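Q: Structure: entry13.txt, compact mmCIF, N, CA and C atoms.
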```txt
# COMPACT_ATOMS: atom_id res chain seq x y z
N ASN A 28 8.84 16.09 -33.29
CA ASN A 28 9.92 15.15 -33.53
C ASN A 28 10.61 14.80 -32.22
N TRP A 29 11.22 13.62 -32.20
CA TRP A 29 11.95 13.19 -31.02
C TRP A 29 13.10 12.29 -31.43
N TRP A 30 14.02 12.08 -30.51
CA TRP A 30 15.21 11.27 -30.73
C TRP A 30 15.27 10.18 -29.67
N VAL A 31 15.75 9.02 -30.06
CA VAL A 31 16.01 7.96 -29.09
C VAL A 31 17.52 7.78 -29.03
N VAL A 32 18.06 7.88 -27.83
CA VAL A 32 19.50 7.66 -27.63
C VAL A 32 19.67 6.49 -26.67
N SER A 33 20.81 5.81 -26.75
CA SER A 33 21.01 4.66 -25.88
C SER A 33 22.45 4.58 -25.42
N SER A 34 22.62 3.81 -24.36
CA SER A 34 23.95 3.55 -23.81
C SER A 34 23.94 2.14 -23.23
N ALA A 35 24.93 1.33 -23.59
CA ALA A 35 25.00 -0.06 -23.10
C ALA A 35 26.22 -0.24 -22.21
N VAL A 36 26.04 -1.04 -21.15
CA VAL A 36 27.13 -1.38 -20.23
C VAL A 36 27.11 -2.90 -20.07
N THR A 37 28.28 -3.52 -20.18
CA THR A 37 28.40 -4.97 -20.05
C THR A 37 29.06 -5.32 -18.73
N SER A 38 28.51 -6.33 -18.07
CA SER A 38 29.05 -6.79 -16.79
C SER A 38 30.42 -7.42 -16.97
N GLY A 39 31.05 -7.71 -15.85
CA GLY A 39 32.27 -8.49 -15.89
C GLY A 39 31.96 -9.92 -16.30
N VAL A 40 32.95 -10.64 -16.73
CA VAL A 40 32.78 -12.03 -17.14
C VAL A 40 32.44 -12.89 -15.93
N ALA A 41 31.50 -13.82 -16.10
CA ALA A 41 31.07 -14.76 -15.06
C ALA A 41 30.55 -14.03 -13.82
N ALA A 42 29.71 -13.02 -14.05
CA ALA A 42 29.15 -12.26 -12.93
C ALA A 42 28.44 -13.20 -11.95
N PRO A 43 28.67 -13.02 -10.65
CA PRO A 43 28.03 -13.88 -9.64
C PRO A 43 26.57 -13.49 -9.42
N VAL A 44 25.84 -14.36 -8.75
CA VAL A 44 24.45 -14.07 -8.41
C VAL A 44 24.37 -12.75 -7.64
N THR A 45 23.39 -11.96 -7.88
CA THR A 45 23.09 -10.63 -7.33
C THR A 45 23.98 -9.51 -7.86
N ALA A 46 24.88 -9.81 -8.81
CA ALA A 46 25.72 -8.75 -9.39
C ALA A 46 24.82 -7.78 -10.16
N LEU A 47 25.01 -6.49 -9.91
CA LEU A 47 24.24 -5.45 -10.59
C LEU A 47 25.07 -4.79 -11.68
N THR A 48 24.41 -4.44 -12.78
CA THR A 48 25.03 -3.67 -13.85
C THR A 48 24.11 -2.50 -14.14
N THR A 49 24.67 -1.28 -14.16
CA THR A 49 23.88 -0.07 -14.34
C THR A 49 24.31 0.67 -15.60
N ALA A 50 23.32 1.10 -16.38
CA ALA A 50 23.57 1.92 -17.57
C ALA A 50 22.73 3.18 -17.47
N SER A 51 23.31 4.30 -17.87
CA SER A 51 22.58 5.58 -17.89
C SER A 51 22.83 6.27 -19.23
N VAL A 52 21.83 6.98 -19.68
CA VAL A 52 21.94 7.74 -20.93
C VAL A 52 21.34 9.11 -20.70
N THR A 53 21.97 10.12 -21.30
CA THR A 53 21.54 11.51 -21.10
C THR A 53 21.22 12.15 -22.45
N CYS A 54 20.14 12.91 -22.46
CA CYS A 54 19.76 13.66 -23.66
C CYS A 54 20.81 14.74 -23.93
N ALA A 55 20.97 15.08 -25.18
CA ALA A 55 21.92 16.13 -25.56
C ALA A 55 21.47 17.47 -24.98
N ALA A 56 22.42 18.38 -24.83
CA ALA A 56 22.14 19.71 -24.28
C ALA A 56 20.99 20.36 -25.06
N GLY A 57 20.08 20.97 -24.33
CA GLY A 57 18.97 21.67 -24.95
C GLY A 57 17.77 20.79 -25.25
N ARG A 58 17.90 19.49 -25.06
CA ARG A 58 16.78 18.57 -25.32
C ARG A 58 16.12 18.18 -24.01
N VAL A 59 14.84 17.82 -24.09
CA VAL A 59 14.06 17.47 -22.90
C VAL A 59 13.79 15.97 -22.91
N LEU A 60 13.98 15.33 -21.76
CA LEU A 60 13.68 13.91 -21.60
C LEU A 60 12.17 13.71 -21.58
N LEU A 61 11.67 12.88 -22.49
CA LEU A 61 10.24 12.59 -22.55
C LEU A 61 9.89 11.26 -21.88
N GLY A 62 10.85 10.33 -21.86
CA GLY A 62 10.63 9.01 -21.29
C GLY A 62 11.82 8.14 -21.59
N GLY A 63 11.69 6.85 -21.31
CA GLY A 63 12.80 5.96 -21.56
C GLY A 63 12.42 4.52 -21.38
N GLY A 64 13.41 3.67 -21.44
CA GLY A 64 13.19 2.24 -21.28
C GLY A 64 14.52 1.53 -21.16
N ALA A 65 14.46 0.20 -21.18
CA ALA A 65 15.69 -0.56 -20.99
C ALA A 65 15.55 -1.96 -21.54
N ASP A 66 16.71 -2.60 -21.70
CA ASP A 66 16.79 -3.97 -22.16
C ASP A 66 17.97 -4.63 -21.46
N VAL A 67 17.80 -5.89 -21.09
CA VAL A 67 18.89 -6.66 -20.48
C VAL A 67 19.04 -7.96 -21.28
N THR A 68 20.26 -8.22 -21.71
CA THR A 68 20.54 -9.46 -22.44
C THR A 68 21.72 -10.15 -21.77
N THR A 69 21.88 -11.44 -22.07
CA THR A 69 23.01 -12.20 -21.55
C THR A 69 23.52 -13.16 -22.60
N THR A 70 24.80 -13.47 -22.50
CA THR A 70 25.38 -14.47 -23.38
C THR A 70 25.21 -15.88 -22.82
N ALA A 71 24.69 -15.98 -21.59
CA ALA A 71 24.45 -17.29 -20.97
C ALA A 71 23.35 -18.02 -21.74
N ALA A 72 23.43 -19.34 -21.80
CA ALA A 72 22.42 -20.14 -22.49
C ALA A 72 21.06 -20.00 -21.81
N GLN A 73 21.05 -19.85 -20.49
CA GLN A 73 19.82 -19.68 -19.73
C GLN A 73 19.53 -18.18 -19.64
N LYS A 74 18.73 -17.67 -20.56
CA LYS A 74 18.48 -16.22 -20.67
C LYS A 74 17.83 -15.63 -19.43
N ASN A 75 17.14 -16.43 -18.63
CA ASN A 75 16.49 -15.93 -17.43
C ASN A 75 17.46 -15.66 -16.28
N ARG A 76 18.75 -15.86 -16.50
CA ARG A 76 19.74 -15.58 -15.45
C ARG A 76 20.01 -14.08 -15.28
N ALA A 77 19.60 -13.29 -16.26
CA ALA A 77 19.77 -11.84 -16.17
C ALA A 77 18.41 -11.19 -16.35
N GLN A 78 18.09 -10.22 -15.50
CA GLN A 78 16.80 -9.57 -15.63
C GLN A 78 16.89 -8.09 -15.27
N LEU A 79 15.92 -7.35 -15.75
CA LEU A 79 15.82 -5.92 -15.46
C LEU A 79 15.25 -5.74 -14.06
N VAL A 80 15.92 -4.92 -13.26
CA VAL A 80 15.47 -4.63 -11.90
C VAL A 80 14.74 -3.30 -11.86
N SER A 81 15.27 -2.31 -12.58
CA SER A 81 14.71 -0.97 -12.51
C SER A 81 15.04 -0.19 -13.77
N SER A 82 14.10 0.70 -14.15
CA SER A 82 14.28 1.59 -15.30
C SER A 82 13.52 2.86 -14.96
N TYR A 83 14.25 3.99 -14.86
CA TYR A 83 13.63 5.19 -14.30
C TYR A 83 14.38 6.46 -14.71
N PRO A 84 13.69 7.62 -14.67
CA PRO A 84 14.39 8.89 -14.89
C PRO A 84 15.20 9.22 -13.65
N SER A 85 16.51 9.35 -13.80
CA SER A 85 17.37 9.62 -12.64
C SER A 85 17.80 11.08 -12.58
N GLY A 86 17.28 11.89 -13.47
CA GLY A 86 17.56 13.31 -13.50
C GLY A 86 16.67 13.95 -14.55
N ALA A 87 16.78 15.24 -14.68
CA ALA A 87 15.92 15.96 -15.63
C ALA A 87 16.13 15.53 -17.07
N THR A 88 17.34 15.05 -17.40
CA THR A 88 17.64 14.66 -18.78
C THR A 88 18.28 13.28 -18.87
N THR A 89 18.23 12.49 -17.79
CA THR A 89 18.93 11.19 -17.75
C THR A 89 17.99 10.05 -17.42
N TRP A 90 18.15 8.93 -18.14
CA TRP A 90 17.41 7.70 -17.87
C TRP A 90 18.41 6.64 -17.42
N THR A 91 18.07 5.89 -16.37
CA THR A 91 18.95 4.87 -15.82
C THR A 91 18.25 3.52 -15.81
N ALA A 92 19.01 2.48 -16.06
CA ALA A 92 18.50 1.11 -16.02
C ALA A 92 19.47 0.24 -15.22
N ILE A 93 18.91 -0.69 -14.46
CA ILE A 93 19.72 -1.59 -13.63
C ILE A 93 19.29 -3.03 -13.93
N GLY A 94 20.28 -3.87 -14.19
CA GLY A 94 20.04 -5.30 -14.38
C GLY A 94 20.73 -6.09 -13.31
N VAL A 95 20.23 -7.30 -13.04
CA VAL A 95 20.82 -8.16 -12.01
C VAL A 95 21.00 -9.56 -12.57
N ALA A 96 22.07 -10.20 -12.12
CA ALA A 96 22.24 -11.63 -12.39
C ALA A 96 21.51 -12.36 -11.28
N ASN A 97 20.36 -12.96 -11.59
CA ASN A 97 19.61 -13.65 -10.53
C ASN A 97 20.06 -15.10 -10.36
N ALA A 98 21.08 -15.47 -11.13
CA ALA A 98 21.82 -16.72 -10.96
C ALA A 98 23.21 -16.45 -11.53
N ALA A 99 24.20 -17.17 -11.08
CA ALA A 99 25.55 -16.96 -11.63
C ALA A 99 25.51 -17.15 -13.14
N LEU A 100 26.14 -16.24 -13.88
CA LEU A 100 26.08 -16.30 -15.33
C LEU A 100 26.92 -17.43 -15.91
N GLY A 101 27.91 -17.86 -15.17
CA GLY A 101 28.72 -18.98 -15.64
C GLY A 101 29.97 -18.51 -16.38
N ALA A 102 30.90 -19.42 -16.52
CA ALA A 102 32.20 -19.11 -17.11
C ALA A 102 32.06 -18.49 -18.50
N GLY A 103 32.74 -17.36 -18.67
CA GLY A 103 32.79 -16.70 -19.96
C GLY A 103 31.57 -15.89 -20.34
N ASN A 104 30.53 -15.88 -19.50
CA ASN A 104 29.29 -15.19 -19.85
C ASN A 104 29.18 -13.81 -19.21
N THR A 105 28.46 -12.93 -19.88
CA THR A 105 28.23 -11.57 -19.41
C THR A 105 26.76 -11.21 -19.59
N MET A 106 26.38 -10.09 -19.00
CA MET A 106 25.06 -9.51 -19.29
C MET A 106 25.29 -8.07 -19.72
N THR A 107 24.41 -7.59 -20.58
CA THR A 107 24.49 -6.22 -21.05
C THR A 107 23.19 -5.51 -20.74
N VAL A 108 23.31 -4.35 -20.11
CA VAL A 108 22.16 -3.51 -19.79
C VAL A 108 22.21 -2.30 -20.71
N THR A 109 21.10 -2.05 -21.40
CA THR A 109 21.02 -0.90 -22.30
C THR A 109 19.90 0.01 -21.82
N ALA A 110 20.24 1.28 -21.60
CA ALA A 110 19.25 2.28 -21.23
C ALA A 110 18.91 3.11 -22.47
N TYR A 111 17.64 3.42 -22.64
CA TYR A 111 17.17 4.22 -23.76
C TYR A 111 16.49 5.48 -23.23
N ALA A 112 16.73 6.59 -23.87
CA ALA A 112 16.06 7.84 -23.52
C ALA A 112 15.37 8.38 -24.77
N VAL A 113 14.14 8.83 -24.59
CA VAL A 113 13.41 9.50 -25.66
C VAL A 113 13.48 10.99 -25.34
N CYS A 114 14.06 11.74 -26.26
CA CYS A 114 14.33 13.17 -26.04
C CYS A 114 13.67 14.00 -27.14
N THR A 115 13.35 15.25 -26.81
CA THR A 115 12.83 16.14 -27.83
C THR A 115 13.90 16.41 -28.88
N ALA A 116 13.45 16.72 -30.08
CA ALA A 116 14.38 16.98 -31.18
C ALA A 116 14.98 18.37 -31.07
```
Before we go any further, please render this structure as structure tokens.
A:
Amino acid sequence: NWWVVSSAVTSGVAAPVTALTTASVTCAAGRVLLGGGADVTTTAAQKNRAQLVSSYPSGATTWTAIGVANAALGAGNTMTVTAYAVCTA
């Protein structure tokens, strides 16, 4: 058996080009990190303005994901980076 846990972080409003947003998630005590993944979304109409830069194990029990605004997101828009960790049950 295994568990998937996640953590989401949202950028500031109207993030400028090259703005990074980082999310990390950690397995509960006593559980082992088996792997992970990530997702990046944006409220901007042009969905390609936000993209995943990196998704990696940043510790023995932690998965980290980094998203970037590769174009200004525009007024009122944000991006959300979600990191997922697959942990032993």
Q: Return as JSON, numbers by chain the full set of residues in chain A whose backbone-based DSSP assignment is strand (DSSP E or B).
A: {"A": [29, 30, 31, 32, 33, 34, 35, 36, 37, 47, 48, 49, 50, 51, 52, 53, 60, 61, 62, 63, 64, 65, 66, 67, 68, 69, 77, 78, 79, 80, 81, 82, 83, 84, 89, 90, 91, 92, 93, 94, 95, 96, 106, 107, 108, 109, 110, 111, 112, 113, 114, 115]}
Q: Could the residues in this selection be saved with N, CA and C atoms as a compact mmCIF listing (two decimals), keeping the file's coordinate frame?
A:
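This is the output file out_6.txt:
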```txt
# COMPACT_ATOMS: atom_id res chain seq x y z
N TRP A 29 11.22 13.62 -32.20
CA TRP A 29 11.95 13.19 -31.02
C TRP A 29 13.10 12.29 -31.43
N TRP A 30 14.02 12.08 -30.51
CA TRP A 30 15.21 11.27 -30.73
C TRP A 30 15.27 10.18 -29.67
N VAL A 31 15.75 9.02 -30.06
CA VAL A 31 16.01 7.96 -29.09
C VAL A 31 17.52 7.78 -29.03
N VAL A 32 18.06 7.88 -27.83
CA VAL A 32 19.50 7.66 -27.63
C VAL A 32 19.67 6.49 -26.67
N SER A 33 20.81 5.81 -26.75
CA SER A 33 21.01 4.66 -25.88
C SER A 33 22.45 4.58 -25.42
N SER A 34 22.62 3.81 -24.36
CA SER A 34 23.95 3.55 -23.81
C SER A 34 23.94 2.14 -23.23
N ALA A 35 24.93 1.33 -23.59
CA ALA A 35 25.00 -0.06 -23.10
C ALA A 35 26.22 -0.24 -22.21
N VAL A 36 26.04 -1.04 -21.15
CA VAL A 36 27.13 -1.38 -20.23
C VAL A 36 27.11 -2.90 -20.07
N THR A 37 28.28 -3.52 -20.18
CA THR A 37 28.40 -4.97 -20.05
C THR A 37 29.06 -5.32 -18.73
N LEU A 47 25.01 -6.49 -9.91
CA LEU A 47 24.24 -5.45 -10.59
C LEU A 47 25.07 -4.79 -11.68
N THR A 48 24.41 -4.44 -12.78
CA THR A 48 25.03 -3.67 -13.85
C THR A 48 24.11 -2.50 -14.14
N THR A 49 24.67 -1.28 -14.16
CA THR A 49 23.88 -0.07 -14.34
C THR A 49 24.31 0.67 -15.60
N ALA A 50 23.32 1.10 -16.38
CA ALA A 50 23.57 1.92 -17.57
C ALA A 50 22.73 3.18 -17.47
N SER A 51 23.31 4.30 -17.87
CA SER A 51 22.58 5.58 -17.89
C SER A 51 22.83 6.27 -19.23
N VAL A 52 21.83 6.98 -19.68
CA VAL A 52 21.94 7.74 -20.93
C VAL A 52 21.34 9.11 -20.70
N THR A 53 21.97 10.12 -21.30
CA THR A 53 21.54 11.51 -21.10
C THR A 53 21.22 12.15 -22.45
N LEU A 60 13.98 15.33 -21.76
CA LEU A 60 13.68 13.91 -21.60
C LEU A 60 12.17 13.71 -21.58
N LEU A 61 11.67 12.88 -22.49
CA LEU A 61 10.24 12.59 -22.55
C LEU A 61 9.89 11.26 -21.88
N GLY A 62 10.85 10.33 -21.86
CA GLY A 62 10.63 9.01 -21.29
C GLY A 62 11.82 8.14 -21.59
N GLY A 63 11.69 6.85 -21.31
CA GLY A 63 12.80 5.96 -21.56
C GLY A 63 12.42 4.52 -21.38
N GLY A 64 13.41 3.67 -21.44
CA GLY A 64 13.19 2.24 -21.28
C GLY A 64 14.52 1.53 -21.16
N ALA A 65 14.46 0.20 -21.18
CA ALA A 65 15.69 -0.56 -20.99
C ALA A 65 15.55 -1.96 -21.54
N ASP A 66 16.71 -2.60 -21.70
CA ASP A 66 16.79 -3.97 -22.16
C ASP A 66 17.97 -4.63 -21.46
N VAL A 67 17.80 -5.89 -21.09
CA VAL A 67 18.89 -6.66 -20.48
C VAL A 67 19.04 -7.96 -21.28
N THR A 68 20.26 -8.22 -21.71
CA THR A 68 20.54 -9.46 -22.44
C THR A 68 21.72 -10.15 -21.77
N THR A 69 21.88 -11.44 -22.07
CA THR A 69 23.01 -12.20 -21.55
C THR A 69 23.52 -13.16 -22.60
N ALA A 77 19.60 -13.29 -16.26
CA ALA A 77 19.77 -11.84 -16.17
C ALA A 77 18.41 -11.19 -16.35
N GLN A 78 18.09 -10.22 -15.50
CA GLN A 78 16.80 -9.57 -15.63
C GLN A 78 16.89 -8.09 -15.27
N LEU A 79 15.92 -7.35 -15.75
CA LEU A 79 15.82 -5.92 -15.46
C LEU A 79 15.25 -5.74 -14.06
N VAL A 80 15.92 -4.92 -13.26
CA VAL A 80 15.47 -4.63 -11.90
C VAL A 80 14.74 -3.30 -11.86
N SER A 81 15.27 -2.31 -12.58
CA SER A 81 14.71 -0.97 -12.51
C SER A 81 15.04 -0.19 -13.77
N SER A 82 14.10 0.70 -14.15
CA SER A 82 14.28 1.59 -15.30
C SER A 82 13.52 2.86 -14.96
N TYR A 83 14.25 3.99 -14.86
CA TYR A 83 13.63 5.19 -14.30
C TYR A 83 14.38 6.46 -14.71
N PRO A 84 13.69 7.62 -14.67
CA PRO A 84 14.39 8.89 -14.89
C PRO A 84 15.20 9.22 -13.65
N THR A 89 18.23 12.49 -17.79
CA THR A 89 18.93 11.19 -17.75
C THR A 89 17.99 10.05 -17.42
N TRP A 90 18.15 8.93 -18.14
CA TRP A 90 17.41 7.70 -17.87
C TRP A 90 18.41 6.64 -17.42
N THR A 91 18.07 5.89 -16.37
CA THR A 91 18.95 4.87 -15.82
C THR A 91 18.25 3.52 -15.81
N ALA A 92 19.01 2.48 -16.06
CA ALA A 92 18.50 1.11 -16.02
C ALA A 92 19.47 0.24 -15.22
N ILE A 93 18.91 -0.69 -14.46
CA ILE A 93 19.72 -1.59 -13.63
C ILE A 93 19.29 -3.03 -13.93
N GLY A 94 20.28 -3.87 -14.19
CA GLY A 94 20.04 -5.30 -14.38
C GLY A 94 20.73 -6.09 -13.31
N VAL A 95 20.23 -7.30 -13.04
CA VAL A 95 20.82 -8.16 -12.01
C VAL A 95 21.00 -9.56 -12.57
N ALA A 96 22.07 -10.20 -12.12
CA ALA A 96 22.24 -11.63 -12.39
C ALA A 96 21.51 -12.36 -11.28
N MET A 106 26.38 -10.09 -19.00
CA MET A 106 25.06 -9.51 -19.29
C MET A 106 25.29 -8.07 -19.72
N THR A 107 24.41 -7.59 -20.58
CA THR A 107 24.49 -6.22 -21.05
C THR A 107 23.19 -5.51 -20.74
N VAL A 108 23.31 -4.35 -20.11
CA VAL A 108 22.16 -3.51 -19.79
C VAL A 108 22.21 -2.30 -20.71
N THR A 109 21.10 -2.05 -21.40
CA THR A 109 21.02 -0.90 -22.30
C THR A 109 19.90 0.01 -21.82
N ALA A 110 20.24 1.28 -21.60
CA ALA A 110 19.25 2.28 -21.23
C ALA A 110 18.91 3.11 -22.47
N TYR A 111 17.64 3.42 -22.64
CA TYR A 111 17.17 4.22 -23.76
C TYR A 111 16.49 5.48 -23.23
N ALA A 112 16.73 6.59 -23.87
CA ALA A 112 16.06 7.84 -23.52
C ALA A 112 15.37 8.38 -24.77
N VAL A 113 14.14 8.83 -24.59
CA VAL A 113 13.41 9.50 -25.66
C VAL A 113 13.48 10.99 -25.34
N CYS A 114 14.06 11.74 -26.26
CA CYS A 114 14.33 13.17 -26.04
C CYS A 114 13.67 14.00 -27.14
N THR A 115 13.35 15.25 -26.81
CA THR A 115 12.83 16.14 -27.83
C THR A 115 13.90 16.41 -28.88
```
Q: One decimal, in Å: what's the spacing between atom C of A:Ala96 and atom C of A:Gly62?
A: 24.9 Å
Q: Would you mind reading off the distance between atom C of A:Trp29 and atom C of A:Thr88, one decimal, in Å?
A: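 Computing the Euclidean distance for atom C of A:Trp29 and atom C of A:Thr88 yields 13.6 Å.
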Q: Return the single residue from A:Asn28, A:Thr91, A:Ser51, A:Thr107 that is closest to A:Thr70, with distances computed using all atoms listed in the file.
A: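 Ranked by minimum distance to A:Thr70, first place goes to A:Thr107.
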Q: From the set A:Ala116, A:Gly103, A:Tyr111, A:Trp90, which residue has the shortest atom-to-atom contact distance to A:Ala41, counting all atoms listed in the file?
A: A:Gly103
Q: Select, from A:Val108, A:Ala72, A:Ala98, A:Ala92, the residue with the minimum atom-to-atom distance to A:Ala35, counting only N, CA and C atoms.
A: A:Val108
Q: Taking only N, CA and C atoms into account, which of A:Ser34, A:Ser82, A:Thr109, A:Thr48 comes nearest A:Val95?
A: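 Among the listed residues, the smallest separation from A:Val95 belongs to A:Thr48.
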Q: What is the distance, in Å and to one decimal place, between atom C of A:Tyr83 and atom CA of A:Gly63?
A: 7.0 Å
Q: From the set A:Ala42, A:Met106, A:Val32, A:Leu100, which residue has the shortest atom-to-atom contact distance to A:Thr69, counting all atoms listed in the file?
A: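 Closest to A:Thr69 of all the choices is A:Met106.
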Q: For A:Trp30, work out the shell of residues within 9 Å, counting only C-alpha atoms and skipping chain neighbours fewer than 6 positions away, then give it as a PyMOL selection string.
A: chain A and resi 54+112-116
Q: Taking only N, CA and C atoms into account, which of A:Thr53, A:Thr45, A:Asn104, A:Ser81 comes nearest A:Ser33?
A: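 Comparing A:Thr53, A:Thr45, A:Asn104, A:Ser81 against A:Ser33, the winner is A:Thr53.
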Q: Mind giving me the axis-aligned box for stretch 35-50 of chain A with 8 Å on every side, centre plus edges in Å to one decimal, as JSON?
A:
```
{"center_x": 27.8, "center_y": -5.8, "center_z": -15.5, "size_x": 26.2, "size_y": 33.9, "size_z": 32.3}
```
Q: Please fill the gaps in stretch 90-102 of chain A so it has N, CA, C and O atoms, and write that as a PDB file, in the coordinates of the input.
A:
```pdb
ATOM      1  N   TRP A  90      18.150   8.930 -18.140  1.00  0.00           N
ATOM      2  CA  TRP A  90      17.410   7.700 -17.870  1.00  0.00           C
ATOM      3  C   TRP A  90      18.410   6.640 -17.420  1.00  0.00           C
ATOM      4  O   TRP A  90      19.480   6.509 -17.998  1.00  0.00           O
ATOM      5  N   THR A  91      18.070   5.890 -16.370  1.00  0.00           N
ATOM      6  CA  THR A  91      18.950   4.870 -15.820  1.00  0.00           C
ATOM      7  C   THR A  91      18.250   3.520 -15.810  1.00  0.00           C
ATOM      8  O   THR A  91      17.043   3.452 -15.558  1.00  0.00           O
ATOM      9  N   ALA A  92      19.010   2.480 -16.060  1.00  0.00           N
ATOM     10  CA  ALA A  92      18.500   1.110 -16.020  1.00  0.00           C
ATOM     11  C   ALA A  92      19.470   0.240 -15.220  1.00  0.00           C
ATOM     12  O   ALA A  92      20.684   0.424 -15.296  1.00  0.00           O
ATOM     13  N   ILE A  93      18.910  -0.690 -14.460  1.00  0.00           N
ATOM     14  CA  ILE A  93      19.720  -1.590 -13.630  1.00  0.00           C
ATOM     15  C   ILE A  93      19.290  -3.030 -13.930  1.00  0.00           C
ATOM     16  O   ILE A  93      18.097  -3.348 -13.902  1.00  0.00           O
ATOM     17  N   GLY A  94      20.280  -3.870 -14.190  1.00  0.00           N
ATOM     18  CA  GLY A  94      20.040  -5.300 -14.380  1.00  0.00           C
ATOM     19  C   GLY A  94      20.730  -6.090 -13.310  1.00  0.00           C
ATOM     20  O   GLY A  94      21.709  -5.626 -12.706  1.00  0.00           O
ATOM     21  N   VAL A  95      20.230  -7.300 -13.040  1.00  0.00           N
ATOM     22  CA  VAL A  95      20.820  -8.160 -12.010  1.00  0.00           C
ATOM     23  C   VAL A  95      21.000  -9.560 -12.570  1.00  0.00           C
ATOM     24  O   VAL A  95      20.198 -10.028 -13.378  1.00  0.00           O
ATOM     25  N   ALA A  96      22.070 -10.200 -12.120  1.00  0.00           N
ATOM     26  CA  ALA A  96      22.240 -11.630 -12.390  1.00  0.00           C
ATOM     27  C   ALA A  96      21.510 -12.360 -11.280  1.00  0.00           C
ATOM     28  O   ALA A  96      21.932 -12.313 -10.131  1.00  0.00           O
ATOM     29  N   ASN A  97      20.360 -12.960 -11.590  1.00  0.00           N
ATOM     30  CA  ASN A  97      19.610 -13.650 -10.530  1.00  0.00           C
ATOM     31  C   ASN A  97      20.060 -15.100 -10.360  1.00  0.00           C
ATOM     32  O   ASN A  97      19.515 -15.826  -9.554  1.00  0.00           O
ATOM     33  N   ALA A  98      21.080 -15.470 -11.130  1.00  0.00           N
ATOM     34  CA  ALA A  98      21.820 -16.720 -10.960  1.00  0.00           C
ATOM     35  C   ALA A  98      23.210 -16.450 -11.530  1.00  0.00           C
ATOM     36  O   ALA A  98      23.357 -15.562 -12.380  1.00  0.00           O
ATOM     37  N   ALA A  99      24.200 -17.170 -11.080  1.00  0.00           N
ATOM     38  CA  ALA A  99      25.550 -16.960 -11.630  1.00  0.00           C
ATOM     39  C   ALA A  99      25.510 -17.150 -13.140  1.00  0.00           C
ATOM     40  O   ALA A  99      24.885 -18.089 -13.641  1.00  0.00           O
ATOM     41  N   LEU A 100      26.140 -16.240 -13.880  1.00  0.00           N
ATOM     42  CA  LEU A 100      26.080 -16.300 -15.330  1.00  0.00           C
ATOM     43  C   LEU A 100      26.920 -17.430 -15.910  1.00  0.00           C
ATOM     44  O   LEU A 100      26.672 -17.880 -17.025  1.00  0.00           O
ATOM     45  N   GLY A 101      27.910 -17.860 -15.170  1.00  0.00           N
ATOM     46  CA  GLY A 101      28.720 -18.980 -15.640  1.00  0.00           C
ATOM     47  C   GLY A 101      29.970 -18.510 -16.380  1.00  0.00           C
ATOM     48  O   GLY A 101      30.069 -17.365 -16.808  1.00  0.00           O
ATOM     49  N   ALA A 102      30.900 -19.420 -16.520  1.00  0.00           N
ATOM     50  CA  ALA A 102      32.200 -19.110 -17.110  1.00  0.00           C
ATOM     51  C   ALA A 102      32.060 -18.490 -18.500  1.00  0.00           C
ATOM     52  O   ALA A 102      31.346 -18.998 -19.351  1.00  0.00           O
TER      53      ALA A 102
END
```
